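Note: the block below is structure-v5.txt and it holds compact mmCIF, C-alpha atoms.
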# COMPACT_ATOMS: atom_id res chain seq x y z
CA MET A 17 81.89 -12.05 -6.18
CA PRO A 18 78.65 -14.01 -6.11
CA PRO A 19 76.64 -13.76 -9.33
CA ALA A 20 74.02 -11.00 -9.51
CA THR A 21 71.32 -13.64 -9.33
CA ALA A 22 72.42 -15.06 -5.97
CA VAL A 23 70.40 -14.45 -2.84
CA LYS A 24 72.10 -11.72 -0.83
CA ALA A 25 71.91 -10.84 2.82
CA VAL A 26 70.82 -7.24 3.35
CA SER A 27 70.13 -4.92 6.21
CA VAL A 28 67.01 -2.84 6.07
CA SER A 29 67.64 0.87 6.11
CA ASP A 30 65.42 3.89 5.53
CA ASP A 31 61.78 4.25 6.32
CA PRO A 32 60.27 0.73 6.04
CA GLN A 33 57.39 1.95 3.89
CA VAL A 34 59.76 3.62 1.44
CA TYR A 35 62.01 0.57 1.54
CA GLU A 36 59.15 -1.80 0.71
CA ASP A 37 57.85 0.51 -2.02
CA GLU A 38 61.23 0.20 -3.69
CA HIS A 39 62.15 -3.40 -3.00
CA VAL A 40 58.74 -5.10 -3.03
CA HIS A 41 55.88 -3.14 -4.61
CA GLY A 42 57.98 -1.53 -7.31
CA VAL A 43 59.44 -4.87 -8.31
CA TYR A 44 56.11 -6.71 -8.51
CA ASP A 45 54.58 -4.00 -10.64
CA GLU A 46 57.49 -4.42 -13.07
CA ILE A 47 57.59 -8.20 -13.20
CA ALA A 48 53.85 -8.92 -12.84
CA PRO A 49 53.15 -10.78 -16.11
CA HIS A 50 56.29 -12.91 -15.98
CA PHE A 51 55.93 -13.55 -12.25
CA SER A 52 52.32 -14.58 -12.76
CA SER A 53 53.23 -17.01 -15.54
CA THR A 54 55.37 -18.92 -13.04
CA ARG A 55 52.75 -19.01 -10.28
CA TYR A 56 49.89 -21.28 -11.19
CA LYS A 57 50.01 -24.38 -9.03
CA PRO A 58 48.28 -24.15 -5.65
CA TRP A 59 50.20 -25.59 -2.72
CA PRO A 60 48.52 -28.67 -1.21
CA ILE A 61 47.97 -27.43 2.35
CA ILE A 62 46.40 -24.23 1.06
CA ALA A 63 44.14 -26.16 -1.31
CA GLN A 64 43.12 -28.46 1.58
CA PHE A 65 42.36 -25.46 3.78
CA LEU A 66 40.12 -23.92 1.12
CA ASP A 67 38.47 -27.31 0.46
CA SER A 68 37.45 -27.38 4.11
CA ILE A 69 35.66 -24.02 4.04
CA PRO A 70 31.86 -24.40 4.34
CA ALA A 71 29.52 -23.12 1.61
CA GLY A 72 28.46 -19.55 2.15
CA TRP A 73 31.68 -18.35 3.73
CA VAL A 74 33.48 -15.28 2.47
CA GLY A 75 37.24 -14.86 2.86
CA LEU A 76 40.12 -12.52 2.28
CA ASP A 77 43.30 -13.38 0.39
CA SER A 78 45.62 -10.72 1.77
CA GLY A 79 48.45 -10.34 -0.71
CA THR A 80 46.65 -12.26 -3.44
CA GLY A 81 49.27 -11.62 -6.15
CA ASN A 82 47.98 -13.09 -9.40
CA GLY A 83 44.92 -14.46 -7.58
CA LYS A 84 45.72 -18.13 -8.04
CA TYR A 85 43.81 -19.08 -4.87
CA LEU A 86 40.69 -17.07 -5.70
CA PRO A 87 39.08 -19.83 -7.84
CA LEU A 88 39.45 -22.50 -5.14
CA PRO A 89 37.92 -24.92 -4.27
CA LEU A 90 37.69 -25.95 -7.92
CA GLU A 91 35.27 -28.82 -7.18
CA ARG A 92 32.48 -26.49 -6.04
CA PRO A 93 32.87 -23.14 -7.79
CA GLY A 94 30.87 -20.28 -6.35
CA SER A 95 30.19 -22.01 -3.02
CA VAL A 96 32.64 -19.71 -1.24
CA TRP A 97 33.98 -16.30 -2.25
CA THR A 98 37.56 -15.26 -1.64
CA ILE A 99 38.28 -11.56 -2.12
CA GLY A 100 41.81 -10.68 -3.19
CA LEU A 101 43.76 -7.74 -1.76
CA ASP A 102 47.14 -6.68 -3.10
CA ARG A 103 49.49 -3.69 -3.14
CA SER A 104 50.42 -4.25 -6.79
CA ARG A 105 47.93 -2.85 -9.27
CA SER A 106 49.62 -4.79 -12.10
CA LEU A 107 49.12 -8.12 -10.33
CA LEU A 108 45.49 -7.25 -9.55
CA GLU A 109 44.81 -6.74 -13.25
CA ILE A 110 45.75 -10.40 -13.63
CA ALA A 111 43.97 -11.53 -10.44
CA ARG A 112 40.65 -9.97 -11.43
CA THR A 113 40.06 -12.71 -13.98
CA ALA A 114 42.06 -15.51 -12.33
CA GLY A 115 40.95 -18.95 -13.46
CA GLY A 116 38.98 -17.52 -16.37
CA SER A 117 36.08 -15.82 -14.60
CA HIS A 118 35.55 -12.56 -12.80
CA ARG A 119 36.92 -12.34 -9.26
CA GLU A 120 36.58 -9.75 -6.54
CA VAL A 121 39.77 -7.81 -5.85
CA ALA A 122 40.75 -4.62 -4.05
CA TRP A 123 43.88 -2.50 -4.29
CA GLY A 124 45.21 -2.01 -0.81
CA ASP A 125 47.92 -2.57 1.74
CA VAL A 126 48.01 -5.57 4.06
CA LEU A 127 48.60 -3.11 6.91
CA GLY A 128 45.32 -1.31 6.19
CA ARG A 129 41.92 -2.23 7.60
CA PRO A 130 39.43 -1.35 4.84
CA TRP A 131 36.87 -3.89 6.08
CA ARG A 132 34.12 -4.11 8.66
CA PRO A 133 35.82 -5.71 11.67
CA GLY A 134 35.19 -9.45 11.67
CA ALA A 135 33.50 -9.27 8.27
CA PHE A 136 35.26 -12.34 6.88
CA ASP A 137 34.86 -15.97 7.81
CA TYR A 138 38.40 -16.86 6.82
CA ALA A 139 41.59 -15.26 5.63
CA ILE A 140 44.73 -16.48 3.92
CA SER A 141 48.07 -14.73 3.68
CA ILE A 142 50.36 -16.62 1.35
CA ALA A 143 53.95 -15.55 0.74
CA THR A 144 53.21 -11.96 1.73
CA ILE A 145 54.16 -11.15 5.32
CA HIS A 146 57.80 -11.99 4.57
CA HIS A 147 57.90 -8.89 2.34
CA LEU A 148 57.43 -6.58 5.34
CA SER A 149 60.74 -5.26 6.55
CA THR A 150 60.34 -4.90 10.32
CA HIS A 151 59.07 -7.16 13.09
CA ALA A 152 56.51 -4.52 14.09
CA ARG A 153 55.07 -4.38 10.58
CA ARG A 154 54.94 -8.17 10.27
CA LYS A 155 53.10 -8.31 13.60
CA ALA A 156 50.69 -5.59 12.45
CA ALA A 157 49.95 -7.57 9.28
CA VAL A 158 49.04 -10.62 11.38
CA GLN A 159 46.85 -8.44 13.57
CA ARG A 160 44.98 -7.12 10.53
CA LEU A 161 44.23 -10.74 9.57
CA LEU A 162 43.01 -11.59 13.08
CA GLU A 163 40.81 -8.49 13.17
CA CYS A 164 39.17 -9.03 9.80
CA ILE A 165 37.87 -12.54 10.56
CA SER A 166 34.87 -13.43 12.68
CA PRO A 167 35.74 -13.44 16.41
CA SER A 168 33.57 -16.52 16.92
CA HIS A 169 34.52 -18.80 14.05
CA GLY A 170 37.12 -17.07 11.85
CA ARG A 171 39.90 -19.22 10.42
CA ALA A 172 43.25 -18.12 9.02
CA LEU A 173 46.21 -19.65 7.21
CA ILE A 174 49.58 -17.90 6.88
CA TYR A 175 52.57 -18.94 4.73
CA VAL A 176 56.00 -17.35 4.81
CA TRP A 177 59.39 -18.19 3.40
CA ALA A 178 61.71 -20.23 5.60
CA ILE A 179 65.44 -19.97 6.08
CA GLU A 180 65.38 -23.75 5.87
CA GLN A 181 65.09 -24.43 2.14
CA ASP A 182 64.45 -27.86 0.68
CA GLU A 183 66.52 -29.58 -1.96
CA LEU A 184 63.98 -28.77 -4.67
CA SER A 185 64.51 -25.09 -4.19
CA LYS A 186 66.71 -23.39 -6.76
CA ARG A 187 67.97 -20.88 -4.24
CA THR A 188 71.14 -20.97 -2.25
CA ILE A 189 71.03 -18.94 0.88
CA PRO A 190 74.09 -17.18 2.24
CA CYS A 191 75.03 -18.75 5.54
CA ASP A 192 77.38 -16.12 6.82
CA SER A 193 74.95 -13.84 8.56
CA SER A 194 72.31 -13.49 11.17
CA GLU A 195 70.23 -16.59 10.52
CA GLN A 196 72.27 -18.65 12.94
CA ALA A 197 71.02 -17.71 16.37
CA PRO A 198 73.95 -17.48 18.74
CA ALA A 199 74.26 -20.53 20.96
CA SER A 200 74.04 -18.35 24.01
CA GLN A 201 70.70 -16.91 22.96
CA GLU A 202 68.21 -16.68 25.78
CA LYS A 203 64.99 -18.58 25.35
CA ASN A 204 62.91 -15.45 25.58
CA THR A 205 64.68 -13.36 23.00
CA PRO A 206 62.93 -13.13 19.65
CA LEU A 207 63.97 -15.70 17.07
CA ALA A 208 66.01 -14.10 14.35
CA GLY A 209 65.08 -14.54 10.74
CA GLN A 210 67.22 -13.22 7.95
CA ASP A 211 66.76 -10.22 5.68
CA VAL A 212 67.71 -10.95 2.07
CA PHE A 213 67.34 -9.80 -1.50
CA VAL A 214 65.97 -12.48 -3.80
CA PRO A 215 66.63 -11.56 -7.41
CA TRP A 216 64.06 -11.84 -10.17
CA VAL A 217 65.63 -12.10 -13.60
CA LEU A 218 63.56 -10.59 -16.38
CA SER A 219 65.02 -11.54 -19.73
CA PRO A 220 64.18 -9.45 -22.83
CA GLN A 221 61.55 -11.89 -24.13
CA ASN A 222 59.65 -11.61 -20.86
CA GLN A 223 59.56 -7.84 -20.87
CA PRO A 224 56.51 -5.99 -22.12
CA LYS A 225 56.89 -4.30 -25.50
CA ALA A 226 54.94 -1.21 -24.56
CA PRO A 227 56.33 1.26 -22.02
CA SER A 228 55.17 0.20 -18.59
CA LYS A 229 52.68 2.18 -16.60
CA ARG A 230 54.89 2.40 -13.60
CA LYS A 231 54.53 6.14 -13.14
CA HIS A 232 50.86 5.65 -12.64
CA GLU A 233 51.29 2.86 -10.12
CA PHE A 234 53.01 4.88 -7.45
CA ARG A 235 51.20 8.14 -7.41
CA ASN A 236 49.38 7.28 -4.23
CA LYS A 237 52.44 6.92 -2.13
CA GLY A 238 54.50 9.46 -3.99
CA ALA A 239 57.52 7.23 -3.58
CA ASP A 240 59.72 8.14 -6.50
CA GLY A 241 62.95 6.39 -5.62
CA GLU A 242 61.97 2.99 -6.97
CA GLU A 243 61.12 4.36 -10.36
CA GLN A 244 64.65 5.53 -10.94
CA GLN A 245 65.91 2.30 -9.48
CA VAL A 246 64.10 -0.08 -11.77
CA SER A 247 63.82 1.93 -14.96
CA SER A 248 67.42 2.96 -15.42
CA THR A 249 67.63 1.36 -18.87
CA GLY A 250 65.03 3.81 -20.19
CA ALA A 251 62.29 3.10 -22.69
CA THR A 252 64.22 3.94 -25.83
CA GLU A 253 67.16 1.57 -25.37
CA PRO A 254 66.87 -2.01 -26.60
CA PRO A 255 65.72 -4.31 -23.81
CA SER A 256 68.39 -6.16 -21.89
CA THR A 257 68.16 -8.63 -19.05
CA LYS A 258 66.96 -6.83 -15.95
CA ILE A 259 67.48 -8.03 -12.43
CA PHE A 260 65.06 -6.96 -9.75
CA ASN A 261 66.00 -7.49 -6.13
CA ARG A 262 62.98 -8.34 -4.03
CA TYR A 263 63.22 -7.91 -0.27
CA TYR A 264 62.36 -10.94 1.88
CA HIS A 265 62.49 -11.60 5.57
CA MET A 266 63.20 -15.32 5.74
CA PHE A 267 61.65 -16.82 8.85
CA ALA A 268 63.60 -18.86 11.37
CA GLN A 269 62.16 -22.03 12.85
CA GLY A 270 59.58 -21.11 15.49
CA GLU A 271 59.48 -17.46 14.48
CA LEU A 272 56.08 -17.60 12.77
CA PRO A 273 54.15 -19.13 15.70
CA ASP A 274 55.88 -16.68 18.04
CA LEU A 275 54.88 -13.78 15.81
CA VAL A 276 51.26 -14.92 15.62
CA CYS A 277 50.99 -15.48 19.38
CA GLU A 278 52.53 -12.10 20.15
CA ALA A 279 50.18 -10.43 17.65
CA ALA A 280 47.16 -12.11 19.25
CA ARG A 281 48.16 -11.31 22.84
CA ASP A 282 48.75 -7.67 21.95
CA LEU A 283 45.13 -7.58 20.72
CA GLY A 284 43.98 -8.96 24.07
CA LEU A 285 43.34 -12.44 22.70
CA ALA A 286 44.18 -15.56 24.67
CA VAL A 287 46.28 -18.17 22.88
CA GLY A 288 45.37 -21.82 23.17
CA ASN A 289 42.47 -24.19 23.46
CA PRO A 290 39.32 -22.39 24.71
CA LYS A 291 38.81 -25.13 27.33
CA GLU A 292 42.09 -24.08 28.94
CA HIS A 293 41.13 -20.42 29.01
CA VAL A 294 37.74 -20.29 30.65
CA ASP A 295 38.67 -16.94 32.17
CA ALA A 296 39.25 -15.38 28.74
CA ALA A 297 36.45 -14.05 26.55
CA ARG A 298 38.22 -14.33 23.21
CA GLY A 299 41.22 -16.07 21.80
CA ILE A 300 42.93 -17.95 19.03
CA GLU A 301 43.88 -21.58 18.78
CA VAL A 302 46.68 -22.87 16.59
CA VAL A 303 45.20 -25.68 14.51
CA GLN A 304 48.45 -26.73 12.84
CA ASP A 305 51.83 -25.32 12.04
CA GLY A 306 54.81 -26.67 10.19
CA TRP A 307 57.20 -26.49 7.31
CA GLU A 308 56.36 -27.37 3.72
CA ARG A 309 58.51 -26.94 0.65
CA SER A 310 60.75 -24.18 1.98
CA ASN A 311 57.93 -22.36 3.76
CA TYR A 312 56.61 -22.15 7.29
CA TYR A 313 52.86 -22.16 7.69
CA ILE A 314 50.41 -21.78 10.52
CA GLU A 315 46.66 -22.34 10.62
CA LEU A 316 44.58 -20.87 13.41
CA ARG A 317 41.01 -20.24 14.38
CA ARG A 318 39.38 -17.64 16.55
CA TRP A 319 37.04 -18.51 19.43
CA GLU A 320 34.93 -16.59 21.89
CA TYR A 321 32.60 -17.36 24.76
CA GLN A 322 29.10 -16.10 24.08
CA MET B 16 35.69 -5.78 -9.21
CA VAL B 17 33.30 -4.00 -6.98
CA ARG B 18 30.21 -6.07 -6.73
CA LEU B 19 27.86 -5.62 -3.82
CA ILE B 20 29.25 -8.71 -2.13
CA THR B 21 32.49 -6.76 -1.68
CA HIS B 22 30.84 -3.42 -1.01
CA ASN B 23 29.04 -5.07 1.92
CA LEU B 24 32.42 -5.82 3.52
CA LEU B 25 34.31 -2.59 2.84
CA ALA B 26 34.55 0.21 5.40
CA CYS B 27 36.45 3.48 5.57
CA HIS B 28 39.80 3.19 7.37
CA ALA B 29 41.13 6.72 7.13
CA LYS B 30 42.84 8.05 10.23
CA GLY B 31 40.38 8.66 13.07
CA CYS B 32 37.39 7.42 11.08
CA THR B 33 36.02 4.60 13.22
CA SER B 34 32.28 5.20 13.48
CA ASN B 35 29.57 5.68 10.86
CA ASN B 36 32.26 4.60 8.36
CA PHE B 37 30.04 1.98 6.69
CA PRO B 38 28.52 1.55 4.15
CA LEU B 39 30.47 3.60 1.61
CA GLN B 40 28.27 5.62 -0.75
CA PHE B 41 28.60 5.21 -4.50
CA LYS B 42 29.25 8.26 -6.64
CA ASP B 43 29.42 8.83 -10.43
CA ILE B 44 29.42 5.15 -11.18
CA GLN B 45 29.39 3.11 -14.37
CA VAL B 46 27.86 -0.32 -14.04
CA GLU B 47 28.10 -3.47 -16.12
CA LEU B 48 25.89 -6.50 -15.79
CA ARG B 49 27.52 -9.90 -16.19
CA GLU B 50 25.90 -13.25 -15.63
CA ALA B 51 27.37 -15.32 -12.82
CA GLU B 52 26.75 -18.95 -11.95
CA PHE B 53 23.92 -19.34 -9.45
CA ASN B 54 24.85 -21.16 -6.24
CA SER B 55 22.05 -21.40 -3.69
CA ASP B 56 24.32 -23.03 -1.06
CA PHE B 57 26.50 -19.96 -1.10
CA LEU B 58 23.56 -17.56 -0.85
CA ARG B 59 21.87 -19.42 2.02
CA GLY B 60 25.15 -19.60 3.91
CA PHE B 61 26.15 -15.99 3.36
CA LEU B 62 22.71 -14.46 4.01
CA PRO B 63 22.91 -14.40 7.84
CA ARG B 64 26.13 -12.36 7.74
CA ILE B 65 25.02 -9.77 5.20
CA GLU B 66 24.51 -6.24 6.51
CA TRP B 67 21.07 -6.22 4.99
CA ALA B 68 20.13 -2.54 5.19
CA ALA B 69 23.46 -1.60 3.60
CA LEU B 70 22.91 -4.09 0.77
CA VAL B 71 19.39 -2.85 0.04
CA ASP B 72 20.52 0.77 0.11
CA ALA B 73 23.51 0.08 -2.15
CA SER B 74 21.42 -1.91 -4.64
CA ARG B 75 19.02 1.05 -4.92
CA GLN B 76 21.98 3.37 -5.56
CA LEU B 77 22.79 1.06 -8.47
CA GLY B 78 19.23 1.24 -9.77
CA ASP B 79 18.03 -2.19 -8.61
CA THR B 80 14.92 -2.12 -6.44
CA SER B 81 14.20 -5.84 -6.35
CA LEU B 82 15.22 -6.55 -2.75
CA PRO B 83 12.71 -6.10 0.11
CA ALA B 84 13.62 -3.71 2.93
CA GLU B 85 13.51 -6.59 5.41
CA GLN B 86 15.05 -10.01 4.89
CA PRO B 87 12.21 -12.42 4.14
CA GLU B 88 11.75 -15.46 6.35
CA MET B 89 10.98 -17.72 3.41
CA LEU B 90 14.00 -18.17 1.15
CA ASP B 91 12.21 -19.16 -2.03
CA ASP B 92 13.91 -19.47 -5.38
CA ASP B 93 12.57 -16.16 -6.62
CA PHE B 94 14.15 -14.31 -3.71
CA LEU B 95 17.46 -16.19 -4.01
CA GLN B 96 17.63 -15.33 -7.71
CA LYS B 97 17.17 -11.64 -6.92
CA LEU B 98 19.79 -11.82 -4.17
CA HIS B 99 22.19 -13.58 -6.54
CA HIS B 100 21.74 -10.88 -9.14
CA VAL B 101 22.27 -8.04 -6.66
CA LEU B 102 25.32 -9.56 -4.95
CA LEU B 103 27.14 -11.06 -7.91
CA GLU B 104 25.96 -9.79 -11.28
CA ILE B 105 26.15 -6.00 -10.98
CA HIS B 106 29.75 -4.82 -11.47
CA VAL B 107 30.70 -1.26 -10.65
CA GLU B 108 33.45 -0.59 -13.19
CA GLU B 109 34.18 3.11 -12.71
CA GLY B 110 33.35 5.77 -10.18
CA ALA B 111 34.03 6.16 -6.50
CA MET B 112 32.91 5.23 -3.01
CA ILE B 113 32.61 7.98 -0.41
CA CYS B 114 32.81 7.54 3.35
CA PRO B 115 29.54 8.72 4.96
CA ASN B 116 31.50 9.99 7.97
CA CYS B 117 34.76 11.63 6.82
CA HIS B 118 33.93 11.85 3.07
CA HIS B 119 37.16 10.15 2.08
CA VAL B 120 36.98 9.18 -1.62
CA TYR B 121 37.91 5.65 -2.70
CA PRO B 122 38.12 5.65 -6.52
CA ILE B 123 37.08 2.67 -8.63
CA SER B 124 38.95 2.20 -11.90
CA ASN B 125 38.65 -0.70 -14.34
CA GLY B 126 36.56 -2.47 -11.71
CA ILE B 127 39.24 -2.27 -9.02
CA PRO B 128 38.58 -0.18 -5.89
CA ASN B 129 41.54 1.80 -4.60
CA MET B 130 41.55 1.33 -0.83
CA LEU B 131 45.09 2.66 -0.36
CA LEU B 132 45.59 5.61 1.94
CA ALA B 133 48.26 8.27 1.70
CA GLU B 134 50.87 8.22 4.47
CA HIS B 135 49.18 10.97 6.50
CA GLU B 136 45.76 9.29 6.24
CA ILE B 137 46.80 5.99 7.80
CA GLY B 138 45.33 5.52 11.26
Can you present the structure in this file as structure tokens?
Amino acid sequence: MPPATAVKAVSVSDDPQVYEDEHVHGVYDEIAPHFSSTRYKPWPIIAQFLDSIPAGWVGLDSGTGNGKYLPLPLERPGSVWTIGLDRSRSLLEIARTAGGSHREVAWGDVLGRPWRPGAFDYAISIATIHHLSTHARRKAAVQRLLECISPSHGRALIYVWAIEQDELSKRTIPCDSSEQAPASQEKNTPLAGQDVFVPWVLSPQNQPKAPSKRKHEFRNKGADGEEQQVSSTGATEPPSTKIFNRYYHMFAQGELPDLVCEAARDLGLAVGNPKEHVDAARGIEVVQDGWERSNYYIELRRWEYQ
Amino acid sequence: MVRLITHNLLACHAKGCTSNNFPLQFKDIQVELREAEFNSDFLRGFLPRIEWAALVDASRQLGDTSLPAEQPEMLDDDFLQKLHHVLLEIHVEEGAMICPNCHHVYPISNGIPNMLLAEHEIG
């Protein structure tokens, strides 16, 4: 038996929304303060991206978590505004004062579109899309990002977890399941990532003393299953170590660019350099993509012919 | 937080609500004023992309009548200070935003707007 804290391969069952309510949103609402205390250092490529944003631009951080990117760039505070969106109300309570001053945050789903189309100049989605449990939902999340940024100059940066983990990572990934694409795989078939549970261990000293407000958090979706799942110890028993299994889709090499290109084409956007698509009115160009510290990332920009 | 910088970006996204769904109308609000650091580079850069009529209308709903109905051509310091105050120093802490088209209610609690939709409201 692997220990309870090992990463486990899973297969997604049930309605994906219900599944994510239980294995993503419910978990983050429970672990928010402890999770946040471990997430404070911005990753270099994300910091560089935000450093390169011109003064006066307004952006969306879709899946902002504890809001650690909202104060950036630190060298010129207030020259750009990043607005944080998250599904976890508990994390937003932390994000709203990230970096010690008041931020702009909204409680919402990354699959929603509560914005004027093209209202933002840039968008980031860091460690978020891998929490969506079907390909269709991950594609929809990318499409929401593409739709919310300016069609003429919008820029976006997406980070997701990779199957390929570096040696600094504490995780060991089971190698017995679907992440290995069969050798016979056709070039055109979708690249297969891997669905896993990544445990979060909440020891007694990291648990809040007061009863949590979890009942309140879920009333909008009416998804009750996760409450029973995560609160089985009850409020009156002494706290013990709790393990929360978070759902992740770990991306295979090449899967993220494929996902982004498919999402763009389905919106009627050309993919590539605008000079090579003079027949197209609108498109996206991939500025860079790669792997950094156990994650795949992709940066893109939108273009259009006036 | 719902400051007017954010309000100027939000739109209703309830199922089937795709026109006249901006700007959301404030209702039963509680406002707090908090000083924010003035940054004229930000204001000059953001100004061309503001939906101006929506900003002026929203600021009047919050009791601030300092902005002119039309964007001025001269961006003097006095105007930028007023714009700064309206965009970044008025915080709507409690209340709701109502869609002008479908009347969907987006509550605001502890400064955080709830833009989630119930399953049957998702378009």
Once you count all atoms listed in the file, which residues of chain B turn out to be within 9 Å of chain A? Could you give them as a ChimeraX atom specification?
/B:16-18,20-21,23-29,36-37,51-62,64,125-134,137-138
Now that the selection is made, can you save its residues with C-alpha atoms as a compact mmCIF listing (two decimals), in the coordinates of the input?
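Output contents, as saved in part_6.txt:
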# COMPACT_ATOMS: atom_id res chain seq x y z
CA MET B 16 35.69 -5.78 -9.21
CA VAL B 17 33.30 -4.00 -6.98
CA ARG B 18 30.21 -6.07 -6.73
CA ILE B 20 29.25 -8.71 -2.13
CA THR B 21 32.49 -6.76 -1.68
CA ASN B 23 29.04 -5.07 1.92
CA LEU B 24 32.42 -5.82 3.52
CA LEU B 25 34.31 -2.59 2.84
CA ALA B 26 34.55 0.21 5.40
CA CYS B 27 36.45 3.48 5.57
CA HIS B 28 39.80 3.19 7.37
CA ALA B 29 41.13 6.72 7.13
CA ASN B 36 32.26 4.60 8.36
CA PHE B 37 30.04 1.98 6.69
CA ALA B 51 27.37 -15.32 -12.82
CA GLU B 52 26.75 -18.95 -11.95
CA PHE B 53 23.92 -19.34 -9.45
CA ASN B 54 24.85 -21.16 -6.24
CA SER B 55 22.05 -21.40 -3.69
CA ASP B 56 24.32 -23.03 -1.06
CA PHE B 57 26.50 -19.96 -1.10
CA LEU B 58 23.56 -17.56 -0.85
CA ARG B 59 21.87 -19.42 2.02
CA GLY B 60 25.15 -19.60 3.91
CA PHE B 61 26.15 -15.99 3.36
CA LEU B 62 22.71 -14.46 4.01
CA ARG B 64 26.13 -12.36 7.74
CA ASN B 125 38.65 -0.70 -14.34
CA GLY B 126 36.56 -2.47 -11.71
CA ILE B 127 39.24 -2.27 -9.02
CA PRO B 128 38.58 -0.18 -5.89
CA ASN B 129 41.54 1.80 -4.60
CA MET B 130 41.55 1.33 -0.83
CA LEU B 131 45.09 2.66 -0.36
CA LEU B 132 45.59 5.61 1.94
CA ALA B 133 48.26 8.27 1.70
CA GLU B 134 50.87 8.22 4.47
CA ILE B 137 46.80 5.99 7.80
CA GLY B 138 45.33 5.52 11.26
Using all atoms listed in the file, which of B:Ala84, B:Val101, B:Ala73, B:Ala68 sits nearest Lys42 in chain B?
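Closest to Lys42 in chain B of all the choices is B:Ala73.
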Closest of B:Glu136, B:Leu95, B:Leu102, B:Thr33 to Val120 in chain B - atom-to-atom distances counting all atoms listed in the file:
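Going through B:Glu136, B:Leu95, B:Leu102, B:Thr33 one by one, the smallest distance to Val120 in chain B is for B:Glu136.
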Which residues come within 10 Å of Val46 in chain B, counting only C-alpha atoms, excluding same-chain residues fewer than 5 positions away, as a list of chain:residue names?
B:Val17, B:Arg18, B:Leu77, B:Gly78, B:Ile105, B:His106, B:Val107, B:Glu108, B:Glu109, B:Gly110, B:Gly126
Tell me, in Å to one decimal, how far CA of Asp77 in chain A is from CA of Ile140 in chain A.
4.9 Å
What is the CA of Asp72 in chain B to CA of Phe41 in chain B distance in Å?
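These two atoms are separated by 10.3 Å.
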Work out how far CA of Pro167 in chain A is from CA of Leu285 in chain A, in Å to one decimal.
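Pair CA of Leu285 in chain A / CA of Pro167 in chain A returns 9.9 Å.
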With all atoms listed in the file as the counted atoms, please give the residues lying no more than 12 Å from Ala178 in chain A, apart from itself and same-chain residues fewer than 2 positions off, as an MDAnalysis selection string.
chainID A and resid 143 145:146 175:176 180:182 185 187 189 195 208:212 264:272 306:313
